[in-house]
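Trainee: My structure is stored as start-v4.cif, with mmCIF, C-alpha atoms.
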data_my_file
loop_
_atom_site.label_atom_id
_atom_site.label_comp_id
_atom_site.auth_asym_id
_atom_site.auth_seq_id
_atom_site.Cartn_x
_atom_site.Cartn_y
_atom_site.Cartn_z
CA MET E 107 20.01 -31.32 33.17
CA PRO E 108 18.31 -27.91 32.91
CA ARG E 109 14.99 -29.47 34.10
CA LEU E 110 16.75 -30.96 37.15
CA ASN E 111 18.25 -27.55 38.01
CA GLY E 112 14.81 -25.95 37.64
CA ARG E 113 13.26 -28.41 40.07
CA PHE E 114 15.98 -27.86 42.64
CA ALA E 115 15.53 -24.12 42.24
CA ALA E 116 11.77 -24.39 42.76
CA VAL E 117 12.21 -26.52 45.88
CA GLY E 118 14.82 -24.08 47.10
CA VAL E 119 12.56 -21.07 46.64
CA VAL E 120 9.55 -22.75 48.27
CA GLY E 121 11.75 -23.91 51.14
CA ALA E 122 13.11 -20.42 51.65
CA LEU E 123 9.60 -18.97 51.60
CA LEU E 124 8.40 -21.51 54.17
CA ALA E 125 11.40 -20.92 56.41
CA GLY E 126 10.92 -17.19 56.15
CA ALA E 127 7.24 -17.47 56.97
CA THR E 128 7.94 -19.69 59.97
CA LEU E 129 10.66 -17.34 61.13
CA ALA E 130 8.35 -14.35 60.73
CA ALA E 131 5.56 -16.15 62.57
CA SER E 132 7.83 -17.18 65.43
CA LEU E 133 9.35 -13.70 65.58
CA SER E 134 5.95 -12.17 66.06
CA GLY E 135 5.20 -15.01 68.47
CA ALA E 136 8.26 -13.98 70.45
CA ASP E 137 7.16 -10.34 70.29
CA ALA E 138 3.74 -11.33 71.59
CA ALA E 139 5.39 -13.30 74.40
CA LYS E 140 7.51 -10.29 75.37
CA ALA E 141 4.51 -7.98 75.25
CA ARG E 142 2.56 -10.43 77.39
CA MET E 143 5.28 -10.42 80.03
CA GLY E 144 5.10 -6.64 80.14
CA HIS E 145 1.31 -6.82 80.56
CA MET E 146 1.59 -9.40 83.33
CA LYS E 147 4.16 -7.30 85.20
CA ALA E 148 1.85 -4.30 84.98
CA LEU E 149 -0.99 -6.51 86.22
CA GLY E 150 1.15 -7.69 89.15
CA ALA E 151 2.01 -4.09 89.97
CA ALA E 152 -1.69 -3.17 90.00
CA ALA E 153 -2.48 -6.15 92.23
CA LYS E 154 0.31 -5.14 94.59
CA ALA E 155 -0.77 -1.51 94.70
CA LEU E 156 -4.35 -2.56 95.42
CA GLY E 157 -3.27 -5.16 98.00
CA ASP E 158 -0.99 -2.68 99.76
CA GLN E 159 -3.93 -0.27 100.08
CA ILE E 160 -6.17 -2.94 101.57
CA LYS E 161 -3.45 -4.18 103.92
CA SER E 162 -2.83 -0.66 105.16
CA GLY E 163 -6.21 -0.66 106.87
CA ALA E 164 -6.93 2.84 105.54
CA PRO E 165 -7.22 2.40 101.75
CA ASP E 166 -7.06 5.43 99.49
CA LYS E 167 -10.29 5.26 97.49
CA ALA E 168 -8.86 6.94 94.41
CA ILE E 169 -5.93 4.53 94.20
CA VAL E 170 -8.19 1.54 94.82
CA LYS E 171 -10.54 2.69 92.06
CA ALA E 172 -7.71 3.20 89.57
CA GLU E 173 -5.93 -0.09 90.28
CA ALA E 174 -9.15 -2.13 90.28
CA ALA E 175 -10.02 -0.66 86.88
CA LYS E 176 -6.59 -1.66 85.56
CA ILE E 177 -7.10 -5.25 86.72
CA ALA E 178 -10.59 -5.36 85.21
CA ALA E 179 -9.31 -4.09 81.87
CA ALA E 180 -6.46 -6.61 81.94
CA ALA E 181 -8.84 -9.48 82.63
CA GLN E 182 -10.73 -8.57 79.45
CA ALA E 183 -7.54 -8.34 77.42
CA ILE E 184 -5.91 -11.57 78.65
CA PRO E 185 -7.16 -13.79 75.78
CA THR E 186 -5.48 -11.45 73.28
CA TRP E 187 -2.16 -11.85 75.07
CA PHE E 188 -1.88 -15.51 74.11
CA PRO E 189 -1.93 -15.73 70.28
CA PRO E 190 -0.94 -19.12 68.84
CA GLY E 191 2.82 -19.35 68.44
CA SER E 192 3.62 -17.14 71.42
CA GLY E 193 4.45 -20.04 73.71
CA PRO E 194 7.88 -21.59 74.35
CA GLU E 195 8.06 -22.59 70.65
CA SER E 196 8.45 -18.90 69.75
CA GLY E 197 11.94 -18.95 71.18
CA ALA E 198 11.12 -16.22 73.66
CA LYS E 199 11.90 -16.79 77.33
CA THR E 200 8.29 -17.29 78.35
CA GLN E 201 6.88 -19.15 81.32
CA ALA E 202 3.61 -19.83 79.55
CA ARG E 203 3.13 -23.58 79.34
CA PRO E 204 2.13 -25.26 76.04
CA ILE E 205 -1.02 -26.45 77.80
CA VAL E 206 -2.43 -22.93 77.40
CA TRP E 207 -3.01 -23.81 73.76
CA THR E 208 -3.74 -27.52 74.16
CA ASP E 209 -6.42 -27.01 76.83
CA PRO E 210 -8.15 -23.81 75.71
CA ALA E 211 -11.43 -24.76 77.38
CA ASP E 212 -9.91 -24.76 80.86
CA PHE E 213 -7.83 -21.67 80.06
CA THR E 214 -10.99 -19.81 79.11
CA ALA E 215 -12.83 -21.11 82.17
CA ARG E 216 -10.14 -19.90 84.55
CA ARG E 217 -9.88 -16.56 82.81
CA ASP E 218 -13.65 -16.21 83.11
CA LYS E 219 -13.35 -16.83 86.85
CA LEU E 220 -10.95 -13.89 87.07
CA ALA E 221 -13.22 -11.69 84.97
CA ALA E 222 -16.19 -12.47 87.23
CA ALA E 223 -14.26 -11.86 90.46
CA VAL E 224 -12.73 -8.61 89.27
CA ALA E 225 -16.09 -7.37 87.97
CA THR E 226 -17.40 -7.51 91.54
CA LEU E 227 -14.20 -5.90 92.80
CA ASN E 228 -14.33 -3.13 90.22
CA THR E 229 -17.98 -2.33 90.92
CA ALA E 230 -17.24 -1.97 94.62
CA ALA E 231 -14.12 0.12 93.94
CA ALA E 232 -15.95 2.45 91.55
CA ALA E 233 -18.64 2.97 94.19
CA GLY E 234 -16.06 3.71 96.89
CA ASP E 235 -17.22 0.65 98.83
CA MET E 236 -13.99 -0.38 100.59
CA ALA E 237 -15.65 -3.20 102.51
CA GLY E 238 -16.90 -4.66 99.24
CA VAL E 239 -13.43 -4.25 97.74
CA THR E 240 -11.85 -6.13 100.63
CA VAL E 241 -14.34 -8.98 100.27
CA ALA E 242 -13.88 -9.19 96.49
CA PHE E 243 -10.11 -8.94 96.56
CA HIS E 244 -9.34 -12.46 97.71
CA PRO E 245 -11.39 -14.32 95.09
CA THR E 246 -9.68 -12.09 92.52
CA LEU E 247 -6.27 -13.01 93.87
CA ALA E 248 -7.24 -16.69 94.01
CA ALA E 249 -8.19 -16.48 90.33
CA CYS E 250 -4.72 -15.15 89.45
CA LYS E 251 -3.19 -18.08 91.26
CA GLY E 252 -5.74 -20.43 89.69
CA CYS E 253 -4.41 -19.75 86.22
CA HIS E 254 -0.76 -19.62 87.20
CA ASP E 255 -0.87 -22.95 89.02
CA LYS E 256 -1.75 -24.73 85.79
CA PHE E 257 -0.60 -22.52 82.95
CA LYS E 258 2.58 -20.82 84.19
CA ALA E 259 5.87 -22.59 84.78
CA PRO E 260 7.43 -21.67 88.14
CA ASP E 261 10.36 -19.27 88.30
CA LYS E 262 13.68 -20.99 87.81
CA ILE E 263 15.90 -20.04 90.69
CA MET W 211 43.18 -35.83 134.83
CA GLY W 212 44.15 -38.07 131.99
CA GLN W 213 44.36 -37.34 128.29
CA SER W 214 42.54 -39.37 125.66
CA PRO W 215 44.49 -40.30 122.49
CA SER W 216 42.91 -37.38 120.63
CA GLY W 217 44.43 -35.00 123.13
CA ASP W 218 41.08 -34.21 124.65
CA LEU W 219 40.88 -34.01 128.37
CA THR W 220 38.86 -36.45 130.36
CA GLY W 221 37.94 -35.57 133.89
CA PRO W 222 35.71 -33.01 135.47
CA ARG W 223 33.00 -31.62 133.23
CA VAL W 224 31.99 -27.99 133.30
CA ARG W 225 29.05 -26.07 131.98
CA VAL W 226 30.15 -24.47 128.72
CA TRP W 227 26.87 -23.60 126.99
CA ASP W 228 24.06 -21.99 128.92
CA LEU W 229 20.42 -22.87 128.34
CA PRO W 230 19.49 -19.81 126.23
CA THR W 231 22.40 -20.41 123.86
CA ARG W 232 21.46 -24.06 123.41
CA LEU W 233 17.77 -23.30 122.95
CA VAL W 234 18.53 -20.64 120.36
CA HIS W 235 20.88 -22.97 118.49
CA TRP W 236 18.47 -25.88 118.20
CA SER W 237 15.43 -23.70 117.53
CA ILE W 238 17.19 -22.07 114.60
CA ALA W 239 18.40 -25.47 113.42
CA ALA W 240 14.77 -26.63 113.30
CA LEU W 241 13.24 -23.43 111.90
CA VAL W 242 15.60 -22.93 108.95
CA PRO W 243 14.55 -26.21 107.26
CA PHE W 244 10.94 -25.39 108.15
CA SER W 245 11.29 -21.97 106.52
CA TRP W 246 12.69 -23.59 103.40
CA TRP W 247 9.95 -26.22 103.27
CA SER W 248 7.08 -23.80 103.96
CA ALA W 249 8.20 -21.52 101.13
CA HIS W 250 8.52 -24.38 98.67
CA ALA W 251 5.16 -25.84 99.67
CA GLY W 252 3.55 -22.42 99.16
CA HIS W 253 2.61 -21.91 102.82
CA LEU W 254 3.68 -18.28 102.87
CA PRO W 255 1.99 -17.30 106.16
CA TRP W 256 3.88 -20.10 107.97
CA HIS W 257 7.06 -19.10 106.15
CA ARG W 258 6.71 -15.55 107.44
CA LEU W 259 5.95 -16.71 110.97
CA SER W 260 9.01 -18.92 110.90
CA GLY W 261 11.12 -16.02 109.63
CA TYR W 262 9.88 -13.66 112.34
CA THR W 263 10.67 -16.30 114.96
CA ILE W 264 14.18 -16.77 113.63
CA LEU W 265 14.56 -12.99 113.64
CA GLY W 266 13.60 -12.89 117.32
CA LEU W 267 16.03 -15.72 118.09
CA VAL W 268 18.89 -14.04 116.21
CA VAL W 269 18.25 -10.67 117.88
CA PHE W 270 18.17 -12.40 121.25
CA ARG W 271 21.48 -14.11 120.36
CA LEU W 272 23.02 -10.75 119.46
CA ILE W 273 21.93 -9.28 122.81
CA TRP W 274 23.13 -12.41 124.57
CA GLY W 275 26.42 -12.07 122.73
CA VAL W 276 26.96 -8.88 124.66
CA ALA W 277 25.22 -9.61 127.96
CA GLY W 278 25.17 -13.41 128.24
CA SER W 279 27.47 -16.12 129.54
CA SER W 280 31.11 -15.65 128.61
CA SER W 281 31.03 -18.56 126.15
CA ALA W 282 28.26 -16.77 124.26
CA ARG W 283 29.98 -13.39 124.12
CA PHE W 284 31.41 -12.17 120.83
CA THR W 285 34.35 -10.54 122.60
CA ARG W 286 35.25 -13.98 123.87
CA PHE W 287 35.18 -16.05 120.68
CA LEU W 288 35.75 -13.59 117.84
CA ARG W 289 39.52 -13.53 117.52
CA GLY W 290 41.91 -11.72 115.20
CA PRO W 291 43.56 -13.27 112.13
CA ALA W 292 46.70 -14.32 114.06
CA SER W 293 44.66 -16.46 116.46
CA VAL W 294 42.67 -18.00 113.65
CA ILE W 295 45.80 -18.92 111.71
CA ALA W 296 47.45 -20.29 114.85
CA TYR W 297 44.40 -22.41 115.57
CA VAL W 298 44.23 -23.77 112.03
CA ARG W 299 47.92 -24.61 112.16
CA GLY W 300 47.18 -26.65 115.27
CA GLY W 301 49.01 -24.69 117.92
CA GLY W 302 46.13 -22.54 119.12
CA GLU W 303 45.14 -22.49 122.75
CA ARG W 304 42.38 -24.91 123.69
CA LEU W 305 39.45 -22.78 124.76
CA MET W 306 36.15 -23.96 126.06
CA GLY W 307 33.43 -22.86 123.68
CA HIS W 308 33.90 -21.73 120.08
CA ASN W 309 37.41 -22.03 118.68
CA PRO W 310 38.70 -19.05 116.64
CA LEU W 311 37.59 -20.52 113.31
CA GLY W 312 34.27 -21.73 114.67
CA GLY W 313 33.68 -18.34 116.23
CA TRP W 314 33.82 -16.61 112.87
CA SER W 315 31.59 -19.27 111.33
CA VAL W 316 28.99 -18.45 113.99
CA ALA W 317 29.26 -14.77 113.08
CA ALA W 318 28.94 -15.66 109.39
CA MET W 319 25.84 -17.79 109.98
CA LEU W 320 24.18 -15.12 112.11
CA GLY W 321 25.00 -12.58 109.40
CA ALA W 322 23.63 -14.84 106.67
CA LEU W 323 20.43 -15.35 108.67
CA LEU W 324 19.98 -11.59 109.11
CA LEU W 325 20.61 -11.08 105.39
CA GLN W 326 18.07 -13.76 104.45
CA ILE W 327 15.44 -12.35 106.79
CA GLY W 328 16.21 -8.77 105.82
CA LEU W 329 15.66 -9.54 102.15
CA GLY W 330 12.57 -11.60 102.90
CA LEU W 331 10.90 -8.63 104.55
CA PHE W 332 10.85 -6.80 101.20
CA CYS W 333 9.82 -9.64 98.87
CA VAL W 334 6.59 -10.01 96.98
CA ASP W 335 5.40 -13.02 94.97
CA GLU W 336 4.44 -13.10 91.28
CA ASP W 337 0.82 -12.20 91.98
CA GLY W 338 1.82 -9.10 93.90
CA PHE W 339 0.19 -10.08 97.17
CA GLU W 340 2.06 -12.64 99.27
CA GLY W 341 5.16 -10.98 100.55
CA GLY W 342 7.07 -9.49 103.42
CA PRO W 343 5.68 -6.81 105.73
CA LEU W 344 8.01 -4.16 104.33
CA SER W 345 7.30 -4.91 100.65
CA LYS W 346 4.81 -2.02 100.74
CA PHE W 347 7.80 0.33 100.60
CA LEU W 348 8.92 -1.03 97.23
CA ASP W 349 7.35 -1.14 93.79
CA PHE W 350 6.40 -4.47 92.24
CA ASP W 351 9.45 -4.86 89.99
CA THR W 352 11.91 -4.05 92.79
CA ALA W 353 10.17 -6.35 95.26
CA ARG W 354 10.28 -9.14 92.65
CA ALA W 355 14.01 -8.55 92.20
CA VAL W 356 14.46 -8.78 95.98
CA ALA W 357 12.53 -12.05 95.96
CA LYS W 358 14.94 -13.50 93.41
CA ILE W 359 17.93 -12.42 95.49
CA HIS W 360 16.27 -13.88 98.62
CA HIS W 361 16.10 -17.20 96.79
CA LEU W 362 19.79 -16.99 95.87
CA THR W 363 21.12 -15.93 99.27
CA PHE W 364 19.50 -19.02 100.74
CA TYR W 365 22.27 -20.97 99.03
CA LEU W 366 24.87 -18.91 100.86
CA LEU W 367 23.21 -19.78 104.16
CA LEU W 368 22.97 -23.41 103.12
CA ALA W 369 26.68 -23.52 102.24
CA LEU W 370 27.58 -22.14 105.67
CA ILE W 371 25.33 -24.70 107.36
CA VAL W 372 26.89 -27.55 105.38
CA LEU W 373 30.37 -26.29 106.31
CA HIS W 374 29.28 -26.06 109.93
CA MET W 375 28.00 -29.63 109.98
CA GLY W 376 31.12 -30.77 108.18
CA ALA W 377 33.26 -29.16 110.85
CA ILE W 378 31.27 -30.85 113.63
CA ALA W 379 31.67 -34.18 111.86
CA PHE W 380 35.39 -33.51 111.37
CA HIS W 381 35.83 -32.91 115.09
CA GLY W 382 33.72 -35.96 115.82
CA LEU W 383 36.02 -38.14 113.73
CA ARG W 384 38.94 -36.83 115.76
CA GLY W 385 37.29 -37.91 119.00
CA ARG W 386 35.97 -34.50 119.97
CA ASN W 387 32.19 -34.64 120.46
CA LEU W 388 30.81 -31.16 119.98
CA THR W 389 27.14 -32.05 119.56
CA GLY W 390 26.72 -33.47 123.07
CA PRO W 391 27.85 -30.29 124.80
CA MET W 392 25.45 -28.20 122.68
CA ILE W 393 22.63 -30.44 123.96
CA THR W 394 23.64 -30.94 127.59
CA GLY W 395 25.65 -27.77 127.99
CA GLU W 396 28.55 -29.69 129.54
CA ALA W 397 32.00 -30.50 128.19
CA PRO W 398 35.31 -31.65 129.62
CA ALA W 399 37.28 -28.85 131.23
CA ALA W 400 40.14 -27.48 129.16
CA PRO W 401 43.63 -26.81 130.51
CA SER W 402 43.73 -23.15 129.62
CA GLY W 403 41.62 -20.70 131.55
CA PRO W 404 38.69 -21.02 133.92
CA ALA W 405 35.26 -22.42 133.08
CA PRO W 406 32.92 -19.99 131.35
CA ARG W 407 31.02 -17.56 133.56
CA ILE W 408 27.34 -18.41 133.27
CA ALA W 409 25.11 -15.34 133.09
CA PRO W 410 22.48 -14.89 135.80
CA ALA W 411 19.07 -16.14 134.76
CA TRP W 412 17.31 -12.81 135.32
CA ARG W 413 18.96 -11.43 132.19
CA ILE W 414 17.06 -13.85 129.96
CA ALA W 415 13.68 -12.15 130.36
CA PRO W 416 14.61 -8.58 129.35
CA ALA W 417 16.71 -9.84 126.43
CA ALA W 418 13.91 -12.11 125.24
CA LEU W 419 11.36 -9.33 125.64
CA ALA W 420 13.45 -6.87 123.64
CA ALA W 421 14.01 -9.43 120.89
CA ALA W 422 10.35 -10.39 120.75
CA ALA W 423 9.28 -6.74 120.64
CA LEU W 424 11.57 -6.02 117.71
CA ALA W 425 10.40 -9.11 115.83
CA TRP W 426 6.77 -8.16 116.49
CA LEU W 427 7.36 -4.61 115.26
CA VAL W 428 8.98 -5.86 112.08
CA ALA W 429 6.18 -8.38 111.52
CA HIS W 430 3.68 -5.52 111.71
CA GLY W 431 5.46 -3.55 109.04
CA LEU W 432 7.10 -1.17 111.50
CA ARG W 433 3.71 0.18 112.60
CA TRP W 434 2.41 -0.09 116.10
#
What is this structure when it is put down as structure tokens?
Mentor:
Amino acid sequence: MPRLNGRFAAVGVVGALLAGATLAASLSGADAAKARMGHMKALGAAAKALGDQIKSGAPDKAIVKAEAAKIAAAAQAIPTWFPPGSGPESGAKTQARPIVWTDPADFTARRDKLAAAVATLNTAAAAGDMAGVTVAFHPTLAACKGCHDKFKAPDKI
Amino acid sequence: MGQSPSGDLTGPRVRVWDLPTRLVHWSIAALVPFSWWSAHAGHLPWHRLSGYTILGLVVFRLIWGVAGSSSARFTRFLRGPASVIAYVRGGGERLMGHNPLGGWSVAAMLGALLLQIGLGLFCVDEDGFEGGPLSKFLDFDTARAVAKIHHLTFYLLLALIVLHMGAIAFHGLRGRNLTGPMITGEAPAAPSGPAPRIAPAWRIAPAALAAAALAWLVAHGLRW
């Protein structure tokens, strides 16, 4: 009888450890998801600020430079925003689709498209070249959409 | 003049709805579904164009509601609570044009359209670019919140439209065809009161011009 109790105890402890580890992993996955949403909102705000400048017809060069730099920095950081376990399975209310992690090759390819487009944009912005910024803005925007179309679930309204 | 079983009058027909009122009605009826579809299909430039057009039509209707034919005028068909209750109870006077309940439903639909368009002007999409011409006045988070409300208020508009079509069907089942008159402009004369006074045609142009100018100004972000 004592040996039976011991075995149950061992299974119980291992089970608790596993559950705890999974919980901890999914908690940090949920944290990562929340942080990502904050990053994406900031990215959207930068895109809007930049777009509003371009649409105004008389863009403020300092604002354009600052916002373009933000988007360029974000494009570099994007891969770090999607650690494994930060998808819907984390329990967080995220619109990231599981396919982000099941099709990493395409995810990387689309992210690279953004990085390339925004590099051109950022160079033009840093040089105060508003014509170049205007030309580079739309491929940048298209790259945002390019990822979202496949990897982001639409807003539930 | 005889009376049909439903109590409707047969006999001489009069012009109840003028051409501008009918054109505005059917244009809005076509553009609202188009606005819905264009947004859902991701054709945001068409969605905006549709919205600006509806704005022009609604503004024209508001002007016409003051300066147009008597059947189009708000003072004619917006009645107080007593009239509405009397109509619902069945004893209301038979007017040509909007009945007291229908009159308020028109006001509600025009209001809902203005609300929907008003909110749409300030929206921005998730990528921060596609949006209304006045979204530049708001920050990203606020404009996103407006976009969510714009999606929700559509259901208010939809509910009013469904009620409206239900009412038309209800009258149709009781032998009163209301769709025909909104197409042809003509309906049987009613016992109470004279036929509506049709506004002179020259008023259409200045009203349409004013409405179009306002819609254009809004579309250009209030810059000219």
Trainee: Rank W:Ala377, W:Leu348, W:Leu254, W:Ala411 by their smallest atom-to-atom distance to chain E, using only C-alpha atoms, and report the top residue only.
Mentor: W:Leu348
Trainee: Ranking E:Ala249, E:Ala148, E:Ala211, E:Ala136 by minimum distance to Gly197 of chain E and counting only C-alpha atoms, which one comes first?
Mentor: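 The closest residue to Gly197 of chain E is E:Ala136.
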Trainee: Compile a residue-level contact table for chain E against chain W at a cut-off of 7 Å, reporting for every qualifying residue the shortest atom pair and its distance in Å to one decimal, with all atoms listed in the file counted, rows ordered by chain and ascending number, as a tab-separated table.
Mentor:
residue	atom	partner	partner_atom	distance
E:Gly150	CA	W:Gly338	CA	5.0
E:Ala151	CA	W:Phe350	CA	5.0
E:Ala153	CA	W:Gly338	CA	5.5
E:Lys154	CA	W:Gly338	CA	4.3
E:Gly157	CA	W:Phe339	CA	6.1
E:Asp158	CA	W:Lys346	CA	5.9
E:Cys250	CA	W:Asp337	CA	6.8
E:Ile263	CA	W:His361	CA	6.7
Trainee: Please compute the atom CA of Phe284 of chain W-atom CA of His257 of chain W distance, one decimal, in Å.
Mentor: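 Computing the Euclidean distance for atom CA of Phe284 of chain W and atom CA of His257 of chain W yields 29.3 Å.
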Trainee: Evaluate the PyMOL selection byres ((chain E and resi 224-226) around 9) and record the selected residues as a VMD selection string, following the chain and residue labels used in the document.
Mentor: chain E and resid 174 to 175 177 to 178 181 219 to 223 227 to 231 238 to 239 242 to 243 245 to 246
Trainee: Calculate how many Å separate atom CA of Leu370 of chain W from atom CA of Ala397 of chain W, rounding to one decimal.
Mentor: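 So the two atoms, atom CA of Leu370 of chain W and atom CA of Ala397 of chain W, lie 24.4 Å apart.
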Trainee: Measure the distance from atom CA of His254 of chain E to atom CA of Ala183 of chain E in Å and round it to one decimal.
Mentor: 16.4 Å
Trainee: List the neighbours of Val428 of chain W out to 9 Å using all atoms listed in the file; skip same-chain residues closer than 2 positions along the sequence, and give me the result as a list in words.
Mentor: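 Those residues are Tyr262, Leu331, Pro343, Leu344, Ala423, Leu424, Ala425, Trp426, His430, Gly431, Leu432 and Arg433 of chain W.
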Trainee: Can you give me, as a ChimeraX atom specification, the residues this file yields under the PyMOL selection byres ((chain W and resi 266-278) around 10)?
Mentor: /W:228,230-231,233-235,237-238,260-265,279-287,317,320-321,323-324,407-411,413-414,416-426,428
Trainee: Name the residues that the PyMOL selection byres ((chain E and resi 203) around 12) pulls out of this structure, and write them as an mmCIF file with C-alpha atoms, in the frame of the given file.
Mentor:
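File written: part_1.cif
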data_model
loop_
_atom_site.group_PDB
_atom_site.id
_atom_site.type_symbol
_atom_site.label_atom_id
_atom_site.label_comp_id
_atom_site.auth_asym_id
_atom_site.auth_seq_id
_atom_site.Cartn_x
_atom_site.Cartn_y
_atom_site.Cartn_z
ATOM 1 C CA ALA E 139 5.390 -13.300 74.400
ATOM 2 C CA PHE E 188 -1.880 -15.510 74.110
ATOM 3 C CA GLY E 191 2.820 -19.350 68.440
ATOM 4 C CA SER E 192 3.620 -17.140 71.420
ATOM 5 C CA GLY E 193 4.450 -20.040 73.710
ATOM 6 C CA PRO E 194 7.880 -21.590 74.350
ATOM 7 C CA GLU E 195 8.060 -22.590 70.650
ATOM 8 C CA SER E 196 8.450 -18.900 69.750
ATOM 9 C CA LYS E 199 11.900 -16.790 77.330
ATOM 10 C CA THR E 200 8.290 -17.290 78.350
ATOM 11 C CA GLN E 201 6.880 -19.150 81.320
ATOM 12 C CA ALA E 202 3.610 -19.830 79.550
ATOM 13 C CA PRO E 204 2.130 -25.260 76.040
ATOM 14 C CA ILE E 205 -1.020 -26.450 77.800
ATOM 15 C CA VAL E 206 -2.430 -22.930 77.400
ATOM 16 C CA TRP E 207 -3.010 -23.810 73.760
ATOM 17 C CA THR E 208 -3.740 -27.520 74.160
ATOM 18 C CA ASP E 209 -6.420 -27.010 76.830
ATOM 19 C CA PRO E 210 -8.150 -23.810 75.710
ATOM 20 C CA PHE E 213 -7.830 -21.670 80.060
ATOM 21 C CA CYS E 253 -4.410 -19.750 86.220
ATOM 22 C CA HIS E 254 -0.760 -19.620 87.200
ATOM 23 C CA ASP E 255 -0.870 -22.950 89.020
ATOM 24 C CA LYS E 256 -1.750 -24.730 85.790
ATOM 25 C CA PHE E 257 -0.600 -22.520 82.950
ATOM 26 C CA LYS E 258 2.580 -20.820 84.190
ATOM 27 C CA ALA E 259 5.870 -22.590 84.780
ATOM 28 C CA PRO E 260 7.430 -21.670 88.140
#
Trainee: Name the closest residue to Gly135 of chain E among the candidates E:Ile169, E:Ala198, E:Leu123, E:Ile160; distances are taken between atoms, counting all atoms listed in the file.
Mentor: E:Ala198
Trainee: My list of candidates is E:Ala138, E:Ala232, E:Met143, E:Ala172. Which is closest to Ala155 of chain E when distances are computed with all atoms listed in the file?
Mentor: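 Using all atoms listed in the file, the shortest distance to Ala155 of chain E belongs to E:Ala172.
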Trainee: My list of candidates is E:Asn111, E:Lys140, E:Lys262, E:Thr240. Which is closest to Ser162 of chain E when distances are computed with only C-alpha atoms?
Mentor: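 Closest to Ser162 of chain E of all the choices is E:Thr240.
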Trainee: Show me, as a ChimeraX atom specification, the residues that have an atom within 7 Å of segment 306-310 of chain W when counting all atoms listed in the file, minus same-chain residues fewer than 2 positions from it.
Mentor: /W:226,281,287-289,293-294,297,304,312-314,400
Trainee: Once you have the residues from the selection above, write them out as a short mmCIF file (atom, residue, chain, number, x, y, z; two decimals), keeping the file's coordinate frame, restricted to C-alpha atoms.
Mentor:
data_model
loop_
_atom_site.label_atom_id
_atom_site.label_comp_id
_atom_site.auth_asym_id
_atom_site.auth_seq_id
_atom_site.Cartn_x
_atom_site.Cartn_y
_atom_site.Cartn_z
CA VAL W 226 30.15 -24.47 128.72
CA SER W 281 31.03 -18.56 126.15
CA PHE W 287 35.18 -16.05 120.68
CA LEU W 288 35.75 -13.59 117.84
CA ARG W 289 39.52 -13.53 117.52
CA SER W 293 44.66 -16.46 116.46
CA VAL W 294 42.67 -18.00 113.65
CA TYR W 297 44.40 -22.41 115.57
CA ARG W 304 42.38 -24.91 123.69
CA GLY W 312 34.27 -21.73 114.67
CA GLY W 313 33.68 -18.34 116.23
CA TRP W 314 33.82 -16.61 112.87
CA ALA W 400 40.14 -27.48 129.16
#
Trainee: Rebuild N, CA and C atoms on segment 154-164 of chain E, as a PDB file, in the coordinates of the input?
Mentor:
ATOM      1  N   LYS E 154      -0.449  -5.511  93.399  1.00  0.00           N
ATOM      2  CA  LYS E 154       0.310  -5.140  94.590  1.00  0.00           C
ATOM      3  C   LYS E 154      -0.163  -3.805  95.142  1.00  0.00           C
ATOM      4  N   ALA E 155      -0.337  -2.839  94.252  1.00  0.00           N
ATOM      5  CA  ALA E 155      -0.770  -1.510  94.700  1.00  0.00           C
ATOM      6  C   ALA E 155      -2.119  -1.608  95.414  1.00  0.00           C
ATOM      7  N   LEU E 156      -3.023  -2.397  94.816  1.00  0.00           N
ATOM      8  CA  LEU E 156      -4.350  -2.560  95.420  1.00  0.00           C
ATOM      9  C   LEU E 156      -4.228  -3.297  96.753  1.00  0.00           C
ATOM     10  N   GLY E 157      -3.457  -4.384  96.766  1.00  0.00           N
ATOM     11  CA  GLY E 157      -3.270  -5.160  98.000  1.00  0.00           C
ATOM     12  C   GLY E 157      -2.645  -4.346  99.108  1.00  0.00           C
ATOM     13  N   ASP E 158      -1.652  -3.518  98.747  1.00  0.00           N
ATOM     14  CA  ASP E 158      -0.990  -2.680  99.760  1.00  0.00           C
ATOM     15  C   ASP E 158      -1.998  -1.712 100.380  1.00  0.00           C
ATOM     16  N   GLN E 159      -2.909  -1.178  99.542  1.00  0.00           N
ATOM     17  CA  GLN E 159      -3.930  -0.270 100.080  1.00  0.00           C
ATOM     18  C   GLN E 159      -4.828  -0.991 101.067  1.00  0.00           C
ATOM     19  N   ILE E 160      -5.270  -2.186 100.696  1.00  0.00           N
ATOM     20  CA  ILE E 160      -6.170  -2.940 101.570  1.00  0.00           C
ATOM     21  C   ILE E 160      -5.457  -3.325 102.860  1.00  0.00           C
ATOM     22  N   LYS E 161      -4.193  -3.766 102.727  1.00  0.00           N
ATOM     23  CA  LYS E 161      -3.450  -4.180 103.920  1.00  0.00           C
ATOM     24  C   LYS E 161      -3.176  -3.023 104.854  1.00  0.00           C
ATOM     25  N   SER E 162      -3.166  -1.807 104.318  1.00  0.00           N
ATOM     26  CA  SER E 162      -2.830  -0.660 105.160  1.00  0.00           C
ATOM     27  C   SER E 162      -3.904  -0.382 106.195  1.00  0.00           C
ATOM     28  N   GLY E 163      -5.126  -0.896 105.930  1.00  0.00           N
ATOM     29  CA  GLY E 163      -6.210  -0.660 106.870  1.00  0.00           C
ATOM     30  C   GLY E 163      -6.902   0.669 106.636  1.00  0.00           C
ATOM     31  N   ALA E 164      -6.314   1.546 105.855  1.00  0.00           N
ATOM     32  CA  ALA E 164      -6.930   2.840 105.540  1.00  0.00           C
ATOM     33  C   ALA E 164      -6.750   3.100 104.055  1.00  0.00           C
TER      34      ALA E 164
END
